[in-house]
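Some notes on the structure that comes next.
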Amino acid sequence: MKRAALLAAAVATYMVAAWMVAPGFYDGFGPPQPYNWTCPPPQAGANLKPSAGHLDIKVVGGVSDANSAFTLDGQVVIGFLPGAFDATGKTTISVDITPLSTCPKPSGIQFVTNVYQITATAPLRTAATLLLRYSNLEPAPSDVYFADDPAGAWKSIGAQQQSQPFTIVTKTSSFGYFAAGYPSASPPPGVLTVGGGQVLPIVVAAIIVLVVLAGVPLAIMRRRRGGQSEDAAVHEDEV
């Protein structure tokens with residue numbers, strides 16, 4: 001368990017550090033590690049249950065330290081700047097991340113991650129940075145959604161335009177329930193769902209179609225030339 005916790009801590013630290021650097025950090029890396037689902041899709045195969053996370057943040061001189069809470073599987077990371085909490089009367093502040101044991105399906109929203117509840121023993125003064133990892137088996141999410149009650153109303157809290165592959169990053173000034181997804185009317189713009197639920201950029205698909213179409217005239221020309229050569233050969237034999 002201690003070794004697993006250390007590994008998870010290293011993964012979470014790595015993800016936060018990678019998110020902070022310029023795009024391209026992941027260039028050359030292989031597929032992401034398997035996602036741990038609460039309700040796995042049919043194509044997921046073998047599945048492990050998602051992990052929870054806990055963090056105790058020190059308060060020194062009435063100011064909370066900078067720190068990050070994360071799940072042991074690295075699927076959720078939430079980072080806090082110095083003084084992010086209203087630490088009045090506190091010596092420590094506890095933060096807990098708990099995956100929901102059910103899979104809500106709110107009207108008009110398609111979730112592609114688990115739903116997580118994030119709680120703390122003090123309210124936020126400044127926004128925290130929230131990172132959610134998602135699977136390559138589902139279309140990429142366009143937004144992070146928030147709710148005070150998983151059975152209640154969900155609202156989009158947006159997402160930063162730049163994040164590393166298979167992660168979505170946003171800011172939050174409140175604690176509650178979080179999940180990443182997209183409006184269920186259609187997948188996010190710019191993606192095409194193919195077999196197994198994977199995503200193919202429409203631009204790439206268009207290029208493939210253009211290449212195929214461009215090859216059709218060439219094939220016709222070659223066939224015609226081949227036919228003309230055969231006719232010429234037959235004519236020479238007759239002569």
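A note on labels: chains of the structure tokens are A, B, ... as shown, every chain counts residues from 1, and ligands are counted from 1 in their shown order.
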Which residues come within 12 Å of Gly181 in chain A, counting only C-alpha atoms, excluding same-chain residues fewer than 6 positions away, as an MDAnalysis selection string?
chainID A and resid 104:106 108:115 132:135 138:146 154:159 167:168 187:188
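Omitting Pro34 in chain A and its sequence neighbours fewer than 6 positions away, and counting only C-alpha atoms, the residues within 10 Å are A:Ala44, A:Gly45, A:Ala46, A:Asn47, A:Leu48, A:Tyr134, A:Ser135, A:Asn136, A:Leu137.
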Quick check, in Å to one decimal: how far apart do CA of Asp86 in chain A and CA of Val63 in chain A lie?
8.1 Å
How many Å lie between CA of Leu124 in chain A and CA of Lys90 in chain A, rounded to one decimal?
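CA of Lys90 in chain A lies 13.2 Å from CA of Leu124 in chain A.
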Quick one: of A:Asp56, A:Gly61, A:Gln75, A:Ser184, who's nearest to Tyr35 in chain A, counting only C-alpha atoms?
A:Gln75
In Å to one decimal, how far is CA of Pro42 in chain A from CA of Tyr177 in chain A?
24.9 Å
Give me the residues near Val77 in chain A as a list in words, where near means some atom within 7 Å (using only C-alpha atoms) and where sequence neighbours in that chain fewer than 5 positions away do not count.
Ala12, Ser68, Ala69, Phe70, Thr71, Leu130, Leu131 and Leu132 of chain A
Dump C-alpha atoms for the selected residues as an mmCIF file, in the first residue's frame?
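New file result09.cif:
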data_model
loop_
_atom_site.group_PDB
_atom_site.id
_atom_site.type_symbol
_atom_site.label_atom_id
_atom_site.label_comp_id
_atom_site.auth_asym_id
_atom_site.auth_seq_id
_atom_site.Cartn_x
_atom_site.Cartn_y
_atom_site.Cartn_z
ATOM 1 C CA ALA A 12 -0.149 13.138 -9.680
ATOM 2 C CA SER A 68 -2.386 19.568 -4.147
ATOM 3 C CA ALA A 69 -4.877 16.861 -3.282
ATOM 4 C CA PHE A 70 -5.168 13.886 -5.635
ATOM 5 C CA THR A 71 -6.714 10.448 -5.933
ATOM 6 C CA LEU A 130 -8.918 21.206 -10.951
ATOM 7 C CA LEU A 131 -7.564 18.555 -13.325
ATOM 8 C CA LEU A 132 -9.612 15.538 -14.428
#
Determine which residues of range 110-186 of chain A DSSP labels as strand (DSSP E) from the backbone of this structure, then write them out as a PyMOL selection string.
chain A and resi 110-111+116-120+128-133+143-147+155-156+167-172+176-183
Residues of the last selection are to be written out with N, CA and C atoms, as a short mmCIF file (atom, residue, chain, number, x, y, z; two decimals), in the first residue's frame.
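Output contents, as saved in again-v7.cif:
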data_model
loop_
_atom_site.label_atom_id
_atom_site.label_comp_id
_atom_site.auth_asym_id
_atom_site.auth_seq_id
_atom_site.Cartn_x
_atom_site.Cartn_y
_atom_site.Cartn_z
N GLN A 110 -23.66 14.47 -21.36
CA GLN A 110 -23.05 13.15 -21.44
C GLN A 110 -21.72 13.18 -20.69
N PHE A 111 -21.63 12.51 -19.56
CA PHE A 111 -20.38 12.45 -18.81
C PHE A 111 -19.46 11.41 -19.43
N TYR A 116 -17.01 12.88 -9.10
CA TYR A 116 -16.24 12.93 -7.87
C TYR A 116 -16.79 14.02 -6.94
N GLN A 117 -16.85 13.69 -5.66
CA GLN A 117 -17.20 14.68 -4.65
C GLN A 117 -15.91 15.19 -4.00
N ILE A 118 -15.74 16.50 -3.97
CA ILE A 118 -14.58 17.11 -3.32
C ILE A 118 -15.09 17.98 -2.18
N THR A 119 -14.58 17.70 -0.98
CA THR A 119 -14.98 18.44 0.22
C THR A 119 -13.74 18.96 0.93
N ALA A 120 -13.93 19.98 1.77
CA ALA A 120 -12.85 20.54 2.57
C ALA A 120 -13.43 21.09 3.87
N ALA A 128 -9.34 27.33 -6.97
CA ALA A 128 -8.40 26.21 -7.05
C ALA A 128 -8.37 25.69 -8.49
N THR A 129 -7.26 25.08 -8.88
CA THR A 129 -7.13 24.48 -10.21
C THR A 129 -7.48 23.01 -10.14
N LEU A 130 -8.43 22.59 -10.96
CA LEU A 130 -8.92 21.21 -10.95
C LEU A 130 -8.56 20.52 -12.26
N LEU A 131 -7.93 19.36 -12.17
CA LEU A 131 -7.56 18.55 -13.33
C LEU A 131 -8.28 17.22 -13.24
N LEU A 132 -8.97 16.84 -14.32
CA LEU A 132 -9.61 15.54 -14.43
C LEU A 132 -9.00 14.78 -15.59
N ARG A 133 -8.65 13.54 -15.36
CA ARG A 133 -8.16 12.69 -16.45
C ARG A 133 -9.33 11.91 -17.03
N ASP A 143 -16.29 20.30 -21.45
CA ASP A 143 -16.51 21.10 -20.25
C ASP A 143 -16.37 20.25 -18.99
N VAL A 144 -16.11 20.94 -17.89
CA VAL A 144 -16.23 20.34 -16.57
C VAL A 144 -17.54 20.83 -15.98
N TYR A 145 -18.29 19.92 -15.36
CA TYR A 145 -19.59 20.25 -14.80
C TYR A 145 -19.55 20.15 -13.28
N PHE A 146 -20.39 20.99 -12.64
CA PHE A 146 -20.41 21.09 -11.18
C PHE A 146 -21.85 21.00 -10.69
N ALA A 147 -22.03 20.39 -9.51
CA ALA A 147 -23.34 20.34 -8.87
C ALA A 147 -23.17 20.30 -7.36
N LYS A 155 -24.18 22.39 -13.78
CA LYS A 155 -23.84 23.53 -14.61
C LYS A 155 -22.39 23.42 -15.08
N SER A 156 -22.14 23.96 -16.25
CA SER A 156 -20.78 23.96 -16.79
C SER A 156 -19.95 25.04 -16.10
N THR A 167 -6.48 14.97 -20.50
CA THR A 167 -6.80 15.69 -19.27
C THR A 167 -7.60 16.93 -19.64
N ILE A 168 -8.44 17.38 -18.71
CA ILE A 168 -9.19 18.62 -18.86
C ILE A 168 -9.02 19.41 -17.57
N VAL A 169 -8.76 20.71 -17.71
CA VAL A 169 -8.40 21.56 -16.57
C VAL A 169 -9.37 22.73 -16.48
N THR A 170 -9.76 23.08 -15.26
CA THR A 170 -10.64 24.21 -15.04
C THR A 170 -10.31 24.85 -13.69
N LYS A 171 -11.06 25.89 -13.35
CA LYS A 171 -10.94 26.56 -12.06
C LYS A 171 -12.26 26.41 -11.31
N THR A 172 -12.17 26.28 -9.98
CA THR A 172 -13.38 26.22 -9.17
C THR A 172 -13.20 27.02 -7.89
N GLY A 176 -17.89 20.53 -4.18
CA GLY A 176 -19.13 19.83 -4.46
C GLY A 176 -18.84 18.62 -5.32
N TYR A 177 -19.68 18.41 -6.35
CA TYR A 177 -19.54 17.26 -7.23
C TYR A 177 -19.06 17.73 -8.61
N PHE A 178 -18.12 16.96 -9.18
CA PHE A 178 -17.50 17.36 -10.45
C PHE A 178 -17.44 16.16 -11.41
N ALA A 179 -17.59 16.44 -12.69
CA ALA A 179 -17.41 15.44 -13.75
C ALA A 179 -17.13 16.19 -15.05
N ALA A 180 -16.51 15.51 -15.99
CA ALA A 180 -16.23 16.10 -17.30
C ALA A 180 -17.11 15.44 -18.34
N GLY A 181 -17.56 16.22 -19.32
CA GLY A 181 -18.41 15.68 -20.37
C GLY A 181 -18.68 16.70 -21.45
N TYR A 182 -19.79 16.51 -22.15
CA TYR A 182 -20.17 17.42 -23.23
C TYR A 182 -21.70 17.40 -23.37
N PRO A 183 -22.28 18.41 -24.02
CA PRO A 183 -23.73 18.39 -24.25
C PRO A 183 -24.13 17.13 -25.02
#
With only C-alpha atoms as the basis for distance, which of A:Pro123, A:Gly53, A:Pro150, A:Pro99 is at the shortest distance from Cys39 in chain A?
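Result for the nearest residue to Cys39 in chain A: A:Pro99.
The shortest atom-to-atom distance to Ser173 in chain A, with only C-alpha atoms taken into account, belongs to A:Thr126 out of A:Leu81, A:Ala66, A:Thr126, A:Ile97.
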Residue nearest Asp149 in chain A - candidates A:Val95, A:Gln161, A:Thr121, A:Leu100, atoms counted: only C-alpha atoms:
A:Leu100
